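Written out below as structure tokens is the structure these notes cover.
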Amino acid sequence: MSSSPLSKKRRVSESETKTGSNCSSSSSVRTELPCTTSSTPANGMAKNGSETEIDEGLYSRQLYVLGHEAMKRMQNSNVLISGMRGLGVEIAKNVILAGVKTVTIHDSAAAEWRDLSSQFYLREEDLGKNRAETTQPRLAELNSYVSVSAYTGALTEEYLQQFQVVVLTNPSLEEQLKIAEVCHSKGIKLVIADTRGLFGQLFCDFGEEMIVLDPNGEQPLSAMISMITKDGAGVITCLDEARHGFESGDYVTFTEIQGMTELNNCEPVEIKVLGPYTFSICDTSSFSDYVRGGIVSQVKMPKKISFKSLSASLAEPELVLTDFAKFERPGQLHLGFQALQRYQKQHGRSPKPWSQSDAEEFVSLCKSLNESLSGSAKQEQLDEGLLKKLAYLAMGDLAPVNAFIGGLAAQEVMKACTGKFMPIMQWLYFDALECLSEEEGVMLSEEECAPRNCRYDGQIAVFGSKLQEKLSKQRYFLVGAGAIGCELLKNFALIGLASGEGGEVIVTDMDTIEKSNLNRQFLFRPWDVTKMKSDTAAAAVKQMNPDIRITSHQNRVCPDTERVYDDDFFEGLDGVTNALDNVDARMYMDRRCVYYRKPLLESGTLGTKGNVQVVIPFLTESYSSSQDPPEKSIPICTLKNFPNAIEHTLQWARDEFEGLFKQPAENAMQYLTDPKFLERTLKLPGAQPLEVLEAVYKSLVTDCPRSWEDCVAWARNHWQCQYNNNIRQLLHNFPPEQLTSSGAPFWSGPKRCPHHLEFSTSNDLHVDYIMASANLLAKTYGVPGSRDRAALVKILDAVHVPQFTPRSGVTIHVSDQELQNANSSTDDGRLEELKSLLPKSDCLSKFKLTAIDFEKDDDTNFHMDFIVAASNLRAENYDIPPADRHKSKLIAGKIIPAIATTTAAVVGLVCLELFKIVQGHQKVESFKNGFMNLALPFFAFSEPIAAPKHKYYEQDWTLWDRFEVKGLQDDGKEMTLKQFLDYFKNEHKLEITMLSQGVSMLYSFFMPPAKLKERLSQPMTEIVTKVSKKKLGKHVKALVFELCCNDDTDEDVEVPYVRYTIR
């Protein structure tokens, strides 16, 4: 998933919203928060105020999802997780990665064979040992900030009171009810989770009074105001450059309003949306007249919610729907899971896998249970087919279902600890029955699904032994070993993918492990930092299942590696799974999968949002068939002269970084080392040649420092230019009281009137800027830098800063259109002057400049120091609220927020689709694309979109079809262009009007006759080599040609591409 575009609206974080007491109305009542202290209560949500420092290096991506306050509350929380089978360990893993204070894992039972199908921290040598005690040291490695302990005793009332949250994964219903009663009465938050084969269940009880501080986790919206009426319900109109995005019932507050100042910093007031740019608020009739300006900002209001106890909720369940196509199922499964508990109590076991007699007895039990119920839990009619399947699969234990339910359950634990996001109210049921055979009424035999005392028993109970054999022989290519890649590899190992003869998982990732990865890429440990991700992940899953056949590569997937990932490689695969973090690589892999006709499993996450897409040859559309709209870019003139949001100043700072410390050094080194650089530069359009050569001249002559003092002097003068001189020039051109041609104030709406800054060595931000920029310049030129602030201040006192007087006749462009028109003209005189002034490259043969690539995650390299200082100084120029380092890193570094819970849940769904692919499912309705937002919580599943159909003559075709043409004739000679054209004329009644390969045009109907005559007699590969100026590699078996064709009526027709086989 690509990160969402930055809004042009001004965003204000919660910490920036102020409250006053001007505007009040009956609709602006606030829910008061209970007062907080630094002590942690024995139950209820852990309060903030802890002195514990948050390790931003480790938790940075998660902090962008939860925020600092929620993270502090989590660091004060003690969590008990009971049951250390596959589901329990999944929840524990996610909660420990999240960073609570302590996790106690509880289990009194010993490990058995069927646990190994999903319990990734148990090994064959652990059979017969206590599950909690064996798992504890392996879980403890996940996060050194979390104390992890094992407990094997009874869960007494006294014992439970030390926890804020209790999670139960496999006790009996009696035990659940007993513990739930204690938790409800003592204010301990409770999560109950269970999985049975392809079915899952989740229940939450967070007490009779819980306060949710942020129901959705979205950034508070803000908008600029253009008008406010004086009325019984004042109507506010926002600037029409973007919709306000508010909803009725939202609360807002105001700043920077001129005229109707009573609204500035008022208590949050409820709004009613009237249209995309308008909404009404409280009574404004007695307020002052509105003059101009103002910013309206959304305020997140705490929300009080109440939960029923387990016993009350069993009788009157509130159900969260996970799949709108299965509207009736949650109620049926609510009954079915209770009946399973009864069956277990009567028989001491669950119904046997695929046992017809056990299933029939189970359905009878469901009927009698249903008759004894009253209220909403009672079902009008039982779905006997569904309940039988629940019985058949009840002993199943599937890693992907545990990953999905475990991800959700862990997110609920985090909600319980923090009050961040809306909890599940109160029951959630899930099933993935589409994973079973597509043919109606297919029954597996008891014998085929009986336990074999092997690590896959929990999976064989669901699918039988034949699928297990198929899974073991699969050859899969996994692209990426980051967060999603780690989770996929864990699931691959547990389900036995590529664990037998002929099977193989090939994983590639060219990245090394960084500290910030450890928070969600759970196969890595602190001692793995700087090692290759793919090697480390492969070794880690070998520990989970020694039978997995896995090969790790460190290659990027792109045209450059097609010698490695060639025809033979792809033709030997059964499928591809993407675990990528960018759209370009995803689209490249998608094109490869379409060409080689291989299934592709695609997924992505963004904070608490996740999506899964399944691409099946000849059945579905591909990943590239639909695309997100492009991200909205910030107009250049907004960045240069008229910023109105911190996003604008941060983008400006990023551009400054590239324009000072990267591009000039790159251009200067090219000038010195590449004889054709000057010739190429002079061919650039508009004013670019002048800009590039000015920058090269500065780098090599005027700005070239000889010492640390020179670097400081350059930085001080650059500061003066950007934050003082340029602002004074701007205000000289457009004074504060300037009016437009229509008589409106020039500085209004999105144009904020700036003021210049005066440099002071006693201002930390000013010195921060000089320290960072001087050190970065020093690094560029190989001059030794310094971190000594006192010495820096001394040097600054001696720096000469020339006097500046704003000049008349300086053009400042107000719009991008004006700028574009101006750029078309160039100063040829100055260009010639620069060419003569530039030093000859042979004079500077030993001169070396180092271009600096921006790296956001190293706090010692001055990169983020520069960005934060540069952006916040510019924000001060324009009276824009500054951003701290954490927020600046998110925006300037284009970081995608991430959390382990979403990753686990998404990958669970991916692997359920994998089961279908391996079985050979061929109905589009069997597959499920999924979207979720765990914060809301919201789930949506849909069948994939079928591949769109096209037609020429009577021939239907989709993106999966192509013309297959053999280049080598029977006589051993290769087809010429004429034979190729004739082939399509005779075989397909198509006249080719244009023919291309990649970016090379091989033939067109408007080609000069002499060139055409020459080409017609040449073999196809000879033409390709000649036109592309590239030799064909020995690994290339076939070429792809794109055609433009006319049919026999001379009409243009769209046709598939050609696969032209040459070997």
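Letters A, B, ... go to the chains of the structure tokens in the order shown; residues in each chain start at 1; ligands are counted from 1 in the same order.
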(request) Do a neighbour search on segment 764-778 of chain A at 9 Å with only C-alpha atoms, toss out local chain neighbours closer than 5 positions, and write the hits as a ChimeraX atom specification. (result) /A:657,660-661,705,707-716,719,759,783-789,792-793,852,861-870,872-873
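Around segment 443-452 of chain A, within 9 Å and counting only C-alpha atoms, the residues found are Trp113, Arg114, Lys352, Pro353, Trp354, Ser355, Gln356, Ser437, Gly441, Cys454, Arg455, Tyr456, Asp457, Gly458, Gln459, Ile460, Ala461, Val462, Phe463, Gly464, Ser465 and Lys466 of chain A, once anything fewer than 2 positions away on its own chain is removed.
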(request) as a list in words, list the residues of segment 153-249 of chain A assigned to helix (DSSP H, G or I) by DSSP on the backbone atoms of this structure. (result)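 The helix (DSSP H, G or I) residues within segment 153-249 of chain A come out as Glu157, Glu158, Tyr159, Leu160, Leu173, Glu174, Glu175, Gln176, Leu177, Lys178, Ile179, Ala180, Glu181, Val182, Cys183, His184, Ser185 and Lys186 of chain A.
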Can you pull out every residue within 7 Å of segment 1013-1021 of chain A, counting only C-alpha atoms, but drop anything in the same chain fewer than 2 positions away, and send it as a short mmCIF file (atom, residue, chain, number, x, y, z; two decimals) with N, CA and C atoms, in the first residue's frame?
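For reference, out.cif as written:
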```cif
data_model
loop_
_atom_site.label_atom_id
_atom_site.label_comp_id
_atom_site.auth_asym_id
_atom_site.auth_seq_id
_atom_site.Cartn_x
_atom_site.Cartn_y
_atom_site.Cartn_z
N GLU A 974 15.84 -17.86 -39.08
CA GLU A 974 14.89 -17.04 -38.30
C GLU A 974 13.97 -16.23 -39.21
N MET A 975 12.76 -15.99 -38.71
CA MET A 975 11.75 -15.21 -39.41
C MET A 975 12.27 -13.80 -39.71
N THR A 976 12.02 -13.31 -40.92
CA THR A 976 12.34 -11.91 -41.24
C THR A 976 11.13 -11.05 -40.88
N LEU A 977 11.33 -9.75 -40.93
CA LEU A 977 10.21 -8.83 -40.65
C LEU A 977 9.08 -9.05 -41.65
N LYS A 978 9.42 -9.28 -42.95
CA LYS A 978 8.38 -9.49 -43.96
C LYS A 978 7.58 -10.75 -43.63
N PRO A 1009 10.72 4.68 -47.24
CA PRO A 1009 10.75 3.46 -48.08
C PRO A 1009 12.11 2.75 -48.08
N ALA A 1010 13.20 3.53 -48.11
CA ALA A 1010 14.52 2.89 -48.19
C ALA A 1010 14.81 2.09 -46.93
N LYS A 1011 14.48 2.67 -45.76
CA LYS A 1011 14.70 1.99 -44.47
C LYS A 1011 13.80 0.76 -44.38
N ILE A 1023 17.06 -6.86 -36.17
CA ILE A 1023 16.43 -5.52 -36.11
C ILE A 1023 16.40 -5.03 -34.67
N VAL A 1024 15.99 -5.93 -33.75
CA VAL A 1024 15.90 -5.55 -32.33
C VAL A 1024 17.27 -5.09 -31.81
N THR A 1025 18.31 -5.86 -32.10
CA THR A 1025 19.67 -5.53 -31.64
C THR A 1025 20.13 -4.20 -32.21
#
```
(request) Return the single residue from A:Gly128, A:Phe120, A:Gln338, A:Ala109 that is closest to Glu174 of chain A, with distances computed using only C-alpha atoms. (result)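 Checking each candidate against Glu174 of chain A, we get A:Gln338 as the closest.
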(request) Taking the chain letters and numbering used in this document, name the residues of segment 537-596 of chain A that DSSP puts in strand (DSSP E), as a PyMOL selection string. (result) chain A and resi 550-553+575-578
Just write the chosen residues, N, CA and C atoms, as a PDB file, in the first residue's frame.
```pdb
ATOM      1  N   ILE A 550      14.807 -23.572   1.792  1.00  0.00           N
ATOM      2  CA  ILE A 550      14.770 -22.125   1.552  1.00  0.00           C
ATOM      3  C   ILE A 550      16.128 -21.628   1.074  1.00  0.00           C
ATOM      4  N   THR A 551      16.092 -20.761   0.079  1.00  0.00           N
ATOM      5  CA  THR A 551      17.317 -20.162  -0.470  1.00  0.00           C
ATOM      6  C   THR A 551      17.177 -18.652  -0.380  1.00  0.00           C
ATOM      7  N   SER A 552      18.204 -17.979   0.123  1.00  0.00           N
ATOM      8  CA  SER A 552      18.119 -16.518   0.259  1.00  0.00           C
ATOM      9  C   SER A 552      19.002 -15.829  -0.767  1.00  0.00           C
ATOM     10  N   HIS A 553      18.465 -14.767  -1.361  1.00  0.00           N
ATOM     11  CA  HIS A 553      19.200 -13.923  -2.311  1.00  0.00           C
ATOM     12  C   HIS A 553      19.233 -12.494  -1.777  1.00  0.00           C
ATOM     13  N   GLY A 575       4.343 -20.111  -7.891  1.00  0.00           N
ATOM     14  CA  GLY A 575       3.691 -18.830  -7.594  1.00  0.00           C
ATOM     15  C   GLY A 575       4.670 -17.838  -6.995  1.00  0.00           C
ATOM     16  N   VAL A 576       4.192 -16.591  -6.867  1.00  0.00           N
ATOM     17  CA  VAL A 576       5.007 -15.489  -6.342  1.00  0.00           C
ATOM     18  C   VAL A 576       4.222 -14.799  -5.233  1.00  0.00           C
ATOM     19  N   THR A 577       4.922 -14.418  -4.175  1.00  0.00           N
ATOM     20  CA  THR A 577       4.308 -13.639  -3.094  1.00  0.00           C
ATOM     21  C   THR A 577       5.112 -12.363  -2.922  1.00  0.00           C
ATOM     22  N   ASN A 578       4.443 -11.223  -3.017  1.00  0.00           N
ATOM     23  CA  ASN A 578       5.111  -9.932  -2.840  1.00  0.00           C
ATOM     24  C   ASN A 578       5.089  -9.519  -1.375  1.00  0.00           C
TER      25      ASN A 578
END
```
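Residue neighbourhood of Lys388 of chain A, excluding near-sequence residues (fewer than 4 positions): Gly336, Pro351, Trp354, Ser355, Gln356, Asp358, Ala359, Glu360, Glu361, Phe362, Val363, Asp383, Glu384, Tyr392, Leu393 and Ala394 of chain A, at 10 Å, using only C-alpha atoms.
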